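Raw contents of model.txt, compact mmCIF, C-alpha atoms:
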```txt
# COMPACT_ATOMS: atom_id res chain seq x y z
CA MET A 100 -3.83 0.53 20.22
CA GLU A 101 -3.58 1.25 16.50
CA ALA A 102 -1.83 4.53 17.29
CA LYS A 103 0.78 2.64 19.29
CA VAL A 104 1.26 0.17 16.48
CA LEU A 105 1.79 2.96 13.98
CA ARG A 106 4.11 4.88 16.29
CA MET A 107 6.38 1.85 16.36
CA LEU A 108 5.83 0.76 12.78
CA VAL A 109 6.46 4.02 10.89
CA PRO A 110 10.09 4.64 11.93
CA MET A 111 10.91 0.95 11.51
CA THR A 112 9.34 0.96 8.07
CA LEU A 113 11.39 4.00 7.04
CA GLU A 114 14.54 2.17 8.16
CA GLY A 115 13.35 -0.99 6.39
CA LEU A 116 12.68 0.90 3.17
CA LYS A 117 16.39 1.63 2.92
CA VAL A 118 17.07 -2.11 2.80
CA THR A 119 14.14 -2.98 0.51
CA LEU A 120 14.80 -0.20 -1.99
CA GLY A 121 18.57 -0.53 -1.68
CA VAL A 122 18.56 -4.22 -2.56
CA PHE A 123 16.11 -3.49 -5.36
CA ALA A 124 18.11 -0.66 -6.92
CA VAL A 125 21.55 -2.28 -6.65
CA THR A 126 20.25 -5.57 -8.09
CA LEU A 127 18.63 -3.83 -11.04
CA LEU A 128 21.59 -1.57 -11.77
CA LEU A 129 24.07 -4.43 -11.80
CA SER A 130 22.04 -7.29 -13.24
CA LEU A 131 20.52 -5.60 -16.29
CA PRO A 132 23.80 -4.76 -18.06
CA LEU A 133 25.33 -8.05 -16.87
CA ALA A 134 22.36 -9.93 -18.33
CA VAL A 135 23.06 -8.56 -21.82
CA VAL A 136 26.60 -9.90 -21.56
CA VAL A 137 25.41 -13.27 -20.22
CA ALA A 138 22.80 -13.54 -23.01
CA LYS A 139 25.56 -12.98 -25.58
CA LEU A 140 27.76 -15.61 -23.89
CA ARG A 141 24.84 -18.04 -23.82
CA MET A 142 24.45 -17.51 -27.58
CA SER A 143 28.20 -17.82 -28.21
CA LYS A 144 29.28 -20.13 -31.01
CA ASN A 145 31.89 -21.51 -28.64
CA ARG A 146 30.28 -24.65 -27.24
CA ILE A 147 32.11 -24.54 -23.91
CA ILE A 148 31.19 -20.92 -23.18
CA SER A 149 27.57 -21.49 -24.16
CA LYS A 150 27.31 -24.68 -22.09
CA MET A 151 28.91 -23.09 -19.02
CA THR A 152 26.57 -20.12 -19.23
CA GLY A 153 23.65 -22.52 -19.65
CA THR A 154 24.67 -24.39 -16.50
CA TYR A 155 24.88 -21.16 -14.52
CA ILE A 156 21.41 -20.15 -15.67
CA TYR A 157 20.07 -23.62 -14.85
CA ILE A 158 21.44 -23.49 -11.30
CA MET A 159 20.05 -19.99 -10.72
CA ARG A 160 16.62 -20.87 -12.06
CA GLY A 161 16.64 -24.39 -10.68
CA THR A 162 17.06 -23.50 -7.00
CA PRO A 163 15.17 -21.06 -4.77
CA LEU A 164 16.63 -17.61 -4.29
CA LEU A 165 16.24 -18.19 -0.55
CA LEU A 166 18.56 -21.18 -0.76
CA GLN A 167 21.04 -19.20 -2.85
CA LEU A 168 21.11 -16.47 -0.22
CA MET A 169 21.75 -19.05 2.49
CA PHE A 170 24.46 -20.78 0.51
CA ILE A 171 26.40 -17.62 -0.23
CA PHE A 172 26.24 -16.36 3.36
CA PHE A 173 26.34 -19.55 5.45
CA GLY A 174 27.85 -22.07 3.05
CA PHE A 175 30.28 -20.44 0.68
CA TYR A 176 33.10 -19.83 3.19
CA ARG A 177 33.28 -23.59 3.76
CA VAL A 178 33.98 -24.28 0.08
CA PRO A 179 37.63 -25.42 -0.29
CA TYR A 180 40.10 -23.10 -2.08
CA ILE A 181 37.62 -20.46 -3.32
CA GLY A 182 35.60 -20.12 -0.10
CA TYR A 183 35.31 -16.60 1.31
CA PRO A 184 33.33 -15.23 4.25
CA PHE A 185 31.12 -12.61 2.62
CA SER A 186 29.51 -9.97 4.79
CA ARG A 187 25.72 -9.95 5.01
CA GLU A 188 25.42 -7.06 2.53
CA GLN A 189 27.85 -8.66 0.11
CA ALA A 190 26.00 -11.97 0.25
CA ILE A 191 22.68 -10.27 -0.44
CA VAL A 192 24.00 -8.33 -3.43
CA ILE A 193 25.80 -11.36 -4.88
CA ALA A 194 22.82 -13.69 -4.56
CA PHE A 195 20.28 -11.23 -5.93
CA VAL A 196 22.50 -10.11 -8.82
CA LEU A 197 23.45 -13.67 -9.81
CA ASN A 198 19.83 -14.80 -9.63
CA TYR A 199 18.25 -11.89 -11.47
CA THR A 200 20.99 -11.76 -14.10
CA ALA A 201 20.05 -15.33 -15.06
CA TYR A 202 16.38 -14.48 -15.51
CA PHE A 203 17.08 -11.22 -17.35
CA ALA A 204 19.63 -12.96 -19.57
CA GLU A 205 17.05 -15.46 -20.77
CA ILE A 206 14.64 -12.63 -21.54
CA PHE A 207 17.36 -10.80 -23.50
CA ARG A 208 18.27 -13.99 -25.35
CA GLY A 209 14.68 -14.38 -26.48
CA GLY A 210 14.63 -10.73 -27.48
CA ILE A 211 17.84 -10.97 -29.49
CA ASN A 212 16.55 -14.09 -31.26
CA SER A 213 13.32 -12.32 -32.16
CA ILE A 214 15.14 -9.71 -34.27
CA ASP A 215 14.90 -10.45 -38.00
CA VAL A 216 18.17 -11.79 -39.41
CA GLY A 217 17.70 -9.21 -42.18
CA GLN A 218 18.70 -6.50 -39.71
CA HIS A 219 22.07 -8.17 -39.16
CA GLU A 220 22.51 -8.67 -42.89
CA ALA A 221 21.63 -5.08 -43.75
CA ALA A 222 24.17 -3.85 -41.20
CA LEU A 223 26.79 -6.27 -42.52
CA VAL A 224 26.34 -5.19 -46.15
CA LEU A 225 26.56 -1.54 -45.05
CA GLY A 226 29.94 -2.28 -43.46
CA LEU A 227 28.98 -1.85 -39.80
CA SER A 228 31.14 -3.78 -37.34
CA LYS A 229 29.66 -6.49 -35.12
CA THR A 230 29.83 -4.27 -32.03
CA ARG A 231 28.30 -1.30 -33.81
CA THR A 232 25.54 -3.51 -35.23
CA PHE A 233 24.70 -4.88 -31.80
CA MET A 234 24.80 -1.58 -29.95
CA ARG A 235 23.07 0.61 -32.54
CA ILE A 236 20.82 -1.72 -34.56
CA ILE A 237 19.99 -4.82 -32.52
CA LEU A 238 20.00 -3.78 -28.84
CA PRO A 239 17.62 -0.79 -29.17
CA GLN A 240 15.07 -3.03 -30.89
CA VAL A 241 15.63 -5.80 -28.32
CA ILE A 242 14.98 -3.40 -25.44
CA LYS A 243 11.63 -2.38 -26.94
CA ASN A 244 10.64 -6.03 -27.37
CA VAL A 245 11.67 -7.21 -23.90
CA LEU A 246 10.39 -4.29 -21.84
CA PRO A 247 7.08 -5.96 -20.83
CA SER A 248 8.85 -9.14 -19.65
CA ILE A 249 11.58 -7.17 -17.90
CA GLY A 250 8.89 -5.12 -16.18
CA ASN A 251 7.35 -8.27 -14.84
CA GLU A 252 10.65 -9.38 -13.30
CA VAL A 253 11.30 -5.92 -11.90
CA ILE A 254 8.00 -6.07 -10.02
CA THR A 255 8.77 -9.57 -8.75
CA LEU A 256 12.15 -8.28 -7.56
CA VAL A 257 10.47 -5.72 -5.24
CA LYS A 258 8.70 -8.53 -3.45
CA ASP A 259 11.68 -10.90 -3.52
CA THR A 260 13.69 -8.38 -1.47
CA SER A 261 11.67 -9.63 1.53
CA LEU A 262 13.82 -12.79 1.44
CA VAL A 263 16.74 -10.93 3.03
CA TYR A 264 15.16 -11.66 6.44
CA ILE A 265 16.86 -15.08 6.28
CA LEU A 266 20.24 -13.35 6.75
CA GLY A 267 18.86 -11.14 9.52
CA SER A 268 18.48 -7.95 7.50
CA SER A 269 15.65 -5.63 8.49
CA ASP A 270 13.51 -4.82 5.51
CA ILE A 271 9.93 -3.52 5.63
CA LEU A 272 8.37 -6.96 6.04
CA LYS A 273 10.68 -7.58 9.00
CA ALA A 274 9.43 -4.29 10.51
CA ALA A 275 5.87 -5.57 10.25
CA ARG A 276 6.82 -8.86 11.88
CA SER A 277 8.55 -7.15 14.83
CA VAL A 278 5.65 -4.82 15.50
CA SER A 279 3.16 -7.64 15.09
CA ASN A 280 5.05 -9.67 17.70
CA VAL A 281 5.22 -6.84 20.19
CA TYR A 282 1.51 -5.92 20.07
CA ALA A 283 0.09 -9.33 19.06
CA ALA A 284 -1.60 -7.52 16.16
CA PHE A 285 -1.96 -8.43 12.51
CA SER A 286 -2.53 -4.90 11.23
CA PRO A 287 1.22 -4.14 10.67
CA TYR A 288 1.22 -6.73 7.89
CA ILE A 289 -1.71 -4.99 6.21
CA TYR A 290 0.07 -1.62 6.39
CA ILE A 291 3.24 -3.10 4.92
CA GLY A 292 1.20 -4.81 2.21
CA LEU A 293 -0.05 -1.35 1.28
CA VAL A 294 3.52 -0.02 1.22
CA TYR A 295 4.47 -2.73 -1.28
CA MET A 296 1.46 -1.82 -3.39
CA VAL A 297 2.46 1.85 -3.41
CA ILE A 298 6.01 1.00 -4.48
CA ILE A 299 4.67 -1.20 -7.26
CA ALA A 300 2.15 1.39 -8.40
CA VAL A 301 4.98 3.90 -8.80
CA LEU A 302 7.12 1.34 -10.63
CA THR A 303 4.27 0.41 -12.95
CA ARG A 304 3.88 4.04 -13.93
CA ILE A 305 7.61 4.39 -14.56
CA LEU A 306 7.63 1.20 -16.65
CA ASP A 307 4.64 2.43 -18.68
CA LYS A 308 6.46 5.72 -19.29
CA ILE A 309 9.54 3.88 -20.52
CA GLU A 310 7.46 1.64 -22.77
CA SER A 311 5.67 4.57 -24.31
CA ARG A 312 9.00 6.22 -25.04
CA PHE A 313 9.59 3.36 -27.48
CA ASP A 314 6.21 3.86 -29.17
CA TYR A 315 7.66 6.18 -31.81
CA TYR A 316 8.29 3.27 -34.16
CA ARG A 317 6.78 -0.07 -34.97
CA MET B 166 34.74 -4.48 -66.00
CA VAL B 167 33.37 -3.34 -62.67
CA LEU B 168 32.44 -6.79 -61.49
CA SER B 169 33.78 -10.08 -62.71
CA VAL B 170 32.82 -13.48 -61.47
CA GLU B 171 34.87 -16.49 -62.48
CA ASN B 172 34.08 -20.18 -62.00
CA LEU B 173 31.90 -19.54 -58.99
CA SER B 174 30.33 -22.59 -57.35
CA LYS B 175 28.12 -22.99 -54.33
CA SER B 176 26.35 -25.88 -52.72
CA PHE B 177 24.55 -26.35 -49.43
CA GLY B 178 25.67 -29.75 -48.19
CA LYS B 179 24.98 -32.17 -51.03
CA ASN B 180 22.61 -29.73 -52.63
CA LEU B 181 24.34 -28.06 -55.58
CA VAL B 182 23.05 -24.52 -56.07
CA PHE B 183 25.21 -23.42 -59.00
CA HIS B 184 28.37 -24.64 -60.60
CA ASP B 185 31.22 -22.92 -62.42
CA ILE B 186 29.45 -19.67 -63.14
CA SER B 187 31.32 -16.88 -64.91
CA PHE B 188 30.10 -13.47 -66.00
CA SER B 189 31.01 -9.85 -65.76
CA VAL B 190 29.20 -6.54 -65.54
CA GLY B 191 30.47 -3.24 -66.94
CA LYS B 192 30.10 0.32 -65.76
CA GLY B 193 26.51 1.55 -65.94
CA GLU B 194 25.28 -1.75 -67.30
CA ILE B 195 21.96 -3.25 -66.23
CA VAL B 196 22.05 -7.01 -65.92
CA CYS B 197 19.08 -9.13 -64.90
CA ILE B 198 19.45 -12.55 -63.35
CA ARG B 199 16.30 -14.58 -63.75
CA GLY B 200 15.20 -18.10 -63.10
CA LYS B 201 12.53 -19.99 -61.26
CA SER B 202 12.51 -19.81 -57.50
CA GLY B 203 14.98 -22.25 -56.00
CA GLU B 204 17.41 -21.90 -58.91
CA GLY B 205 19.87 -20.01 -56.73
CA LYS B 206 19.43 -16.45 -57.94
CA THR B 207 19.33 -15.01 -54.47
CA THR B 208 22.18 -17.25 -53.31
CA LEU B 209 24.31 -15.87 -56.14
CA LEU B 210 23.46 -12.33 -55.06
CA ARG B 211 24.30 -13.21 -51.47
CA CYS B 212 27.68 -14.54 -52.56
CA LEU B 213 28.40 -11.28 -54.38
CA THR B 214 27.55 -9.28 -51.25
CA SER B 215 29.52 -11.60 -48.92
CA LEU B 216 26.42 -12.73 -47.06
CA GLU B 217 27.18 -16.23 -48.26
CA ILE B 218 30.57 -17.83 -48.81
CA PRO B 219 30.97 -19.57 -52.18
CA ASP B 220 32.72 -22.94 -52.33
CA LYS B 221 34.94 -22.10 -55.26
CA GLY B 222 35.74 -19.33 -57.65
CA THR B 223 36.73 -15.71 -57.83
CA ILE B 224 34.86 -12.45 -57.39
CA LYS B 225 36.59 -9.27 -58.46
CA ILE B 226 35.28 -5.76 -58.01
CA ASN B 227 37.13 -2.96 -59.78
CA ASN B 228 39.99 -5.41 -60.31
CA LYS B 229 40.35 -6.00 -56.59
CA TYR B 230 39.76 -9.49 -55.32
CA LEU B 231 36.81 -9.86 -52.94
CA CYS B 232 37.61 -13.53 -52.78
CA LYS B 233 39.68 -15.96 -54.76
CA GLU B 234 40.52 -19.59 -54.79
CA GLU B 235 43.73 -20.66 -53.13
CA ASN B 236 44.69 -24.30 -52.63
CA ASN B 237 41.12 -25.40 -53.23
CA ALA B 238 39.75 -23.10 -50.56
CA ILE B 239 38.07 -19.72 -50.76
CA LYS B 240 40.18 -16.94 -49.45
CA TYR B 241 38.78 -13.48 -48.75
CA ALA B 242 40.74 -10.25 -48.87
CA GLN B 243 42.39 -9.03 -45.67
CA LYS B 244 40.10 -7.39 -43.15
CA LYS B 245 40.87 -3.75 -43.98
CA GLU B 246 40.84 -4.32 -47.70
CA LEU B 247 37.75 -6.51 -47.48
CA GLN B 248 35.83 -3.75 -45.74
CA ALA B 249 36.79 -1.32 -48.50
CA ILE B 250 35.90 -3.74 -51.31
CA ARG B 251 32.61 -4.59 -49.69
CA GLN B 252 31.57 -0.98 -49.74
CA GLU B 253 31.92 -1.08 -53.52
CA ILE B 254 28.94 -3.41 -53.78
CA GLY B 255 25.58 -2.45 -52.34
CA LEU B 256 22.40 -4.46 -51.92
CA VAL B 257 18.75 -3.50 -51.83
CA PHE B 258 16.98 -6.32 -50.02
CA GLN B 259 13.67 -7.73 -51.18
CA ASN B 260 12.02 -6.56 -47.95
CA PHE B 261 14.39 -3.55 -47.71
CA ASN B 262 15.53 -4.27 -44.12
CA LEU B 263 15.45 -0.65 -43.09
CA PHE B 264 16.28 -0.03 -39.45
CA PRO B 265 12.79 0.49 -37.97
CA HIS B 266 13.95 2.44 -34.92
CA MET B 267 15.83 5.01 -36.98
CA ASN B 268 14.27 7.72 -39.08
CA VAL B 269 15.12 8.11 -42.77
CA MET B 270 18.12 10.39 -42.17
CA GLU B 271 19.52 8.12 -39.46
CA ASN B 272 19.10 5.10 -41.74
CA LEU B 273 21.09 6.87 -44.44
CA MET B 274 23.80 8.34 -42.23
CA GLU B 275 24.51 5.40 -39.89
CA ALA B 276 26.99 3.55 -42.11
CA PRO B 277 28.92 6.49 -43.61
CA LEU B 278 29.26 8.03 -40.14
CA PHE B 279 30.57 4.77 -38.72
CA LEU B 280 32.95 4.28 -41.65
CA LYS B 281 34.05 7.93 -41.34
CA LYS B 282 33.53 8.42 -45.07
CA ASP B 283 33.35 12.18 -44.69
CA SER B 284 32.53 14.96 -42.23
CA TYR B 285 29.10 14.93 -40.58
CA ALA B 286 28.04 18.01 -42.53
CA ASN B 287 29.07 16.54 -45.88
CA ILE B 288 27.42 13.19 -45.15
CA ARG B 289 24.23 15.02 -44.23
CA LYS B 290 24.43 17.08 -47.41
CA ARG B 291 24.90 13.97 -49.50
CA ALA B 292 21.92 12.30 -47.80
CA LEU B 293 19.67 15.28 -48.49
CA GLU B 294 20.77 15.33 -52.15
CA LEU B 295 20.01 11.64 -52.53
CA LEU B 296 16.60 11.98 -50.91
CA LYS B 297 15.83 14.85 -53.26
CA SER B 298 16.83 12.91 -56.35
CA LEU B 299 14.71 9.95 -55.21
CA GLU B 300 11.68 12.17 -54.58
CA LEU B 301 11.82 11.67 -50.83
CA GLU B 302 12.09 15.31 -49.88
CA GLY B 303 10.35 16.05 -46.60
CA LYS B 304 10.62 12.43 -45.43
CA GLU B 305 13.89 12.98 -43.54
CA ASP B 306 12.31 12.59 -40.10
CA SER B 307 9.81 9.86 -41.01
CA TYR B 308 10.18 6.37 -39.63
CA PRO B 309 10.06 3.39 -42.01
CA PHE B 310 6.61 2.27 -40.80
CA GLN B 311 5.21 5.65 -41.83
CA LEU B 312 6.28 5.15 -45.47
CA SER B 313 4.67 3.25 -48.32
CA GLY B 314 6.40 0.20 -49.81
CA GLY B 315 7.72 2.22 -52.74
CA GLN B 316 9.04 4.94 -50.47
CA GLN B 317 10.72 2.38 -48.20
CA GLN B 318 12.40 0.86 -51.23
CA ARG B 319 13.71 4.25 -52.30
CA VAL B 320 15.06 4.85 -48.79
CA ALA B 321 16.81 1.47 -49.04
CA ILE B 322 18.29 2.52 -52.39
CA ALA B 323 19.41 5.85 -50.96
CA ARG B 324 20.96 4.09 -47.95
CA ALA B 325 22.95 1.79 -50.25
CA CYS B 326 24.02 4.75 -52.42
CA MET B 327 25.40 6.62 -49.40
CA LEU B 328 28.54 4.48 -49.66
CA ASN B 329 28.99 5.32 -53.37
CA PRO B 330 29.00 1.72 -54.57
CA SER B 331 30.23 0.77 -58.04
CA VAL B 332 27.77 -2.11 -58.14
CA LEU B 333 24.24 -2.10 -56.79
CA CYS B 334 22.30 -5.34 -56.45
CA PHE B 335 18.52 -5.60 -56.23
CA ASP B 336 16.76 -8.67 -54.89
CA GLU B 337 13.28 -8.96 -56.46
CA PRO B 338 12.75 -5.19 -56.64
CA THR B 339 9.25 -5.41 -58.14
CA SER B 340 7.84 -8.01 -55.75
CA ALA B 341 6.40 -5.54 -53.27
CA LEU B 342 5.25 -2.90 -55.74
CA ASP B 343 2.06 -2.08 -57.61
CA GLU B 344 1.96 -1.08 -61.33
CA GLU B 345 2.56 2.59 -60.68
CA THR B 346 5.55 2.33 -58.34
CA ARG B 347 6.95 -0.30 -60.69
CA GLY B 348 7.30 2.31 -63.42
CA GLN B 349 9.08 4.49 -60.88
CA ILE B 350 11.62 1.84 -59.91
CA SER B 351 12.69 1.22 -63.52
CA LYS B 352 13.16 4.95 -63.93
CA ILE B 353 15.31 5.07 -60.78
CA ILE B 354 17.38 2.08 -61.82
CA ARG B 355 18.04 3.62 -65.25
CA TYR B 356 19.01 6.86 -63.54
CA LEU B 357 21.48 5.06 -61.27
CA ALA B 358 22.94 3.20 -64.26
CA SER B 359 23.32 6.47 -66.15
CA ALA B 360 25.36 7.71 -63.19
CA GLY B 361 27.78 4.85 -63.88
CA ILE B 362 26.66 2.32 -61.29
CA ALA B 363 26.60 -1.28 -62.52
CA ILE B 364 23.20 -2.76 -61.73
CA ILE B 365 22.45 -6.42 -61.02
CA ILE B 366 18.81 -7.35 -60.61
CA VAL B 367 17.57 -10.71 -59.44
CA THR B 368 13.96 -11.23 -60.47
CA HIS B 369 11.44 -13.69 -61.81
CA ASP B 370 9.34 -10.87 -63.23
CA ASN B 371 9.78 -11.39 -66.99
CA ALA B 372 7.93 -8.24 -68.01
CA PHE B 373 10.28 -6.21 -65.85
CA VAL B 374 13.31 -7.98 -67.35
CA ASP B 375 12.14 -7.17 -70.90
CA GLU B 376 11.64 -3.59 -69.90
CA ILE B 377 14.96 -2.88 -68.23
CA ALA B 378 17.65 -5.48 -68.93
CA GLN B 379 20.61 -4.83 -71.18
CA ARG B 380 21.81 -8.33 -70.56
CA ILE B 381 19.96 -11.33 -69.18
CA ILE B 382 21.52 -14.15 -67.22
CA THR B 383 19.20 -17.12 -66.90
CA MET B 384 19.87 -19.65 -64.14
CA LYS B 385 18.69 -23.19 -64.61
CA ASP B 386 19.90 -26.43 -63.05
CA GLY B 387 22.93 -24.72 -61.53
CA GLU B 388 24.16 -23.29 -64.84
CA ILE B 389 23.72 -19.98 -66.56
CA THR B 390 23.06 -18.77 -70.08
CA ILE B 391 23.76 -15.18 -71.02
CA GLU B 392 21.90 -13.25 -73.73
CA ASN B 393 22.17 -9.67 -74.83
CA GLN B 394 19.06 -7.60 -75.27
```

Could you write out this file's structure as structure tokens?
Amino acid sequence: MEAKVLRMLVPMTLEGLKVTLGVFAVTLLLSLPLAVVVAKLRMSKNRIISKMTGTYIYIMRGTPLLLQLMFIFFGFYRVPYIGYPFSREQAIVIAFVLNYTAYFAEIFRGGINSIDVGQHEAALVLGLSKTRTFMRIILPQVIKNVLPSIGNEVITLVKDTSLVYILGSSDILKAARSVSNVYAAFSPYIYIGLVYMVIIAVLTRILDKIESRFDYYR
Amino acid sequence: MVLSVENLSKSFGKNLVFHDISFSVGKGEIVCIRGKSGEGKTTLLRCLTSLEIPDKGTIKINNKYLCKEENNAIKYAQKKELQAIRQEIGLVFQNFNLFPHMNVMENLMEAPLFLKKDSYANIRKRALELLKSLELEGKEDSYPFQLSGGQQQRVAIARACMLNPSVLCFDEPTSALDEETRGQISKIIRYLASAGIAIIIVTHDNAFVDEIAQRIITMKDGEITIENQ
């Protein structure tokens, strides 16, 4: 019995991994740099820009990611004037990137605020431009400070990828569900739980490595 | 005169910090600004280094206007010129504000490299010379947290000197130092002055003022008195 389960589960899991890891990687790659920009906009002296960014973050954090996925795929094309029928893949990427950018942006904002104003002033007196100051003096220190919180979100993201089932995408959790239905067994869920744990173990090690690369200064 | 300040005023809201201050500092001169805390010493220094915008008055460095009064408003020099004038006046912060993620060499070379003051090789050479003269040889690759307070201060001085300023300001330079390193800092300041740099020191350390000042500006109730030593 268990052999049959595995014979069906393994190939489906390998297929599902493409979706799970794909959504994970694309979301991370796009949302991290975007989040730095959004954090800066949120901190803009221009009231309108800061308010608009704040509203965006509020909507993203104020509604479930599952609902956002549904809205972008099933609801957005009905919106007058700007509506557009996104494909399943497009909807997934848009929802995940918009959602995670909001969370990352708030982490970056906290990180930028935590940098001593003296660092800005020293750079200013030395004649560095605003861009140079941010890129060379502020951002590297921010990254060190926010790494633990970012790591937390990164790990949550792995598990959030399972939400794509709502649009009919076949990730690893969907593989478990299909096999479970066919053989009326629960064990596929246990196996997939272990797969998640392996992914997260690897990620934790990578995150630790990155953190220790910033240990050279205090 | 390297630096001249005319009729400078600054207030925060209704709170008057100083009013109608005028003084000037010559080449290689050491001037101390003293006063109780809250008398606006640091604010004055911050106005000189463009970290704070004065309400009124004129600041001239090497006869170029950093800012002047025009139609009752403060007007700064044009962007390009402003950047050049600003480099003429350096500041050593009270807590040094070194860049913690950069080693000593990177701290020194960051600004001159960005401002394209010279070739990489020449900037590096200049940095090594400065470190040598400030007894920081061998600390090139150290990070700020690995240095003592006195060493950090000397790195901050070296970093400011990389831009060859005509005026160098110190905010409470003795506050973080023990007796021994204190002797060292007066020696360094005299050495910088002898090289022609005008020195402005904000401090409430009277013993230090007596030891080093050629002229003393005392701030009290928003006004200043000037005495020669």

Checklist outcome for this item: Here CA of Cys212 in chain B and CA of Cys197 in chain B stand apart by 16.0 Å

Next on the checklist: Here's a test: counting all atoms listed in the file, identify every protein, DNA and RNA residue with an atom at most 10 Å from (18.4, -2.5, -1.8) in the file's coordinate frame, and state them as a PyMOL selection string.
Outcome noted: chain A and resi 115-127+188+191-192+195+257+260+263+270

Item to check | Residues of chain A within 8 Å of chain B, counting all atoms listed in the file, as a PyMOL selection string | outcome: chain A and resi 217-218+220-227+236+239-240+315-317

Applying 10 Å and only C-alpha atoms, which residues near range 143-157 of chain A remain after dropping the ones on its own chain fewer than 3 positions away? List them as a compact mmCIF listing (two decimals) with C-alpha atoms, in the coordinates of the input.
```txt
# COMPACT_ATOMS: atom_id res chain seq x y z
CA VAL A 137 25.41 -13.27 -20.22
CA ALA A 138 22.80 -13.54 -23.01
CA LYS A 139 25.56 -12.98 -25.58
CA LEU A 140 27.76 -15.61 -23.89
CA ARG A 160 16.62 -20.87 -12.06
CA GLY A 161 16.64 -24.39 -10.68
CA THR A 162 17.06 -23.50 -7.00
CA LEU A 197 23.45 -13.67 -9.81
CA ASN A 198 19.83 -14.80 -9.63
CA TYR A 199 18.25 -11.89 -11.47
CA THR A 200 20.99 -11.76 -14.10
CA ALA A 201 20.05 -15.33 -15.06
CA TYR A 202 16.38 -14.48 -15.51
CA ALA A 204 19.63 -12.96 -19.57
CA GLU A 205 17.05 -15.46 -20.77
```

Item to check | Atom-to-atom span, CA of Ile226 in chain B and CA of Glu253 in chain B, Å | outcome: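 Separating CA of Ile226 in chain B from CA of Glu253 in chain B is a distance of 7.3 Å.
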
Build an axis-aligned box that encloses every atom of range 263-282 of chain A listed in the file, pad it by 5 Å on each side, and report its centre and edge lengths in Å to one decimal, as AutoDock Vina command-line options.
```
--center_x 10.9 --center_y -9.3 --center_z 11.6 --size_x 28.7 --size_y 21.6 --size_z 27.2
```

Item to check | Best match for closeness to Lys245 in chain B among B:Glu271, B:Gln394, B:Glu204, B:Leu231, counting only C-alpha atoms | outcome: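 With only C-alpha atoms as the atom set, the closest residue is B:Leu231.
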
Checklist entry - Which polymer residues have any atom within 12 Å of an atom of Ile224 in chain B, counting all atoms listed in the file, with same-chain residues fewer than 6 positions away left out, as a ChimeraX atom specification? => result /B:166-174,186-190,209-210,212-215,218,230-234,239-242,247,250-251,254

Next on the checklist: As an exercise, work out the distance from CA of Val196 in chain B to CA of Arg347 in chain B in Å and give it to one decimal place.
Outcome noted: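 Calculated distance between CA of Val196 in chain B and CA of Arg347 in chain B is 17.3 Å.
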
Checklist entry - Taking only C-alpha atoms into account, which of B:Gly303, B:Ala292, B:Cys334, B:Gln349 comes nearest Gly315 in chain B? => result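 Using only C-alpha atoms, the shortest distance to Gly315 in chain B belongs to B:Gln349.
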
Item to check | For Tyr290 in chain A, the nearest of the candidates A:Phe203, A:Leu272, A:Gly210, A:Lys308, counting all atoms listed in the file | outcome: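 Checking each candidate against Tyr290 in chain A, we get A:Leu272 as the closest.
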
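Taking all atoms listed in the file into account, the polymer residues that have an atom no farther than 10 Å from (20.8, -18.9, 3.0) are Pro163, Leu164, Leu165, Leu166, Gln167, Leu168, Met169, Phe170, Ile171, Phe172, Phe173, Gly174, Phe175, Ala190, Ile191, Ala194, Leu262, Val263, Tyr264, Ile265 and Leu266 of chain A.
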
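Counting all atoms listed in the file, the residue from A:Asp307, A:Val297, A:Val281, A:Pro287 that sits nearest to Glu101 in chain A is A:Pro287.
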
Checklist outcome for this item: Across A:Ile206, A:Met100, A:Ile193, A:Met107, the smallest distance to Arg276 in chain A, with only C-alpha atoms counted, is shown by A:Met107

Checklist entry - When distances are computed from only C-alpha atoms, which of B:Asp185, B:Glu302, B:Glu337, B:Glu194 shows the smallest separation from Ile362 in chain B? => result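 Result for the nearest residue to Ile362 in chain B: B:Glu194.
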
Next on the checklist: For Thr346 in chain B, find every residue with an atom within 12 Å (counting all atoms listed in the file), except residues of its own chain fewer than 6 positions away, and show them as a VMD selection string.
Outcome noted: chain B and resid 313 to 319 338 to 340 352 to 353

Checklist entry - Can you list, as a VMD selection string, every protein, DNA or RNA residue that comes within 8 Å of Tyr295 in chain A when you count only C-alpha atoms, leaving out same-chain residues fewer than 3 positions away? => result chain A and resid 257 to 258 291 to 292 298 to 299

Next on the checklist: Set the distance at 8 Å and use all atoms listed in the file: which residues neighbour Ile211 in chain A once local chain neighbours fewer than 4 positions away are removed? I'd like the list as a VMD selection string.
Outcome noted: chain A and resid 207 237 to 238 241

Rebuild range 220-224 of chain B to N, CA and C atoms - output it as a CSV table (one decimal), in the frame of the given file, please.
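The resulting result_7.csv:
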```csv
chain,number,residue,atom,x,y,z
B,220,ASP,N,31.8,-21.8,-52.5
B,220,ASP,CA,32.7,-22.9,-52.3
B,220,ASP,C,34.0,-22.8,-53.1
B,221,LYS,N,33.8,-22.2,-54.3
B,221,LYS,CA,34.9,-22.1,-55.3
B,221,LYS,C,34.8,-20.9,-56.1
B,222,GLY,N,35.9,-20.4,-56.7
B,222,GLY,CA,35.7,-19.3,-57.6
B,222,GLY,C,36.3,-18.0,-57.2
B,223,THR,N,36.1,-17.0,-58.1
B,223,THR,CA,36.7,-15.7,-57.8
B,223,THR,C,35.7,-14.6,-58.0
B,224,ILE,N,35.7,-13.6,-57.2
B,224,ILE,CA,34.9,-12.4,-57.4
B,224,ILE,C,35.8,-11.2,-57.3
```
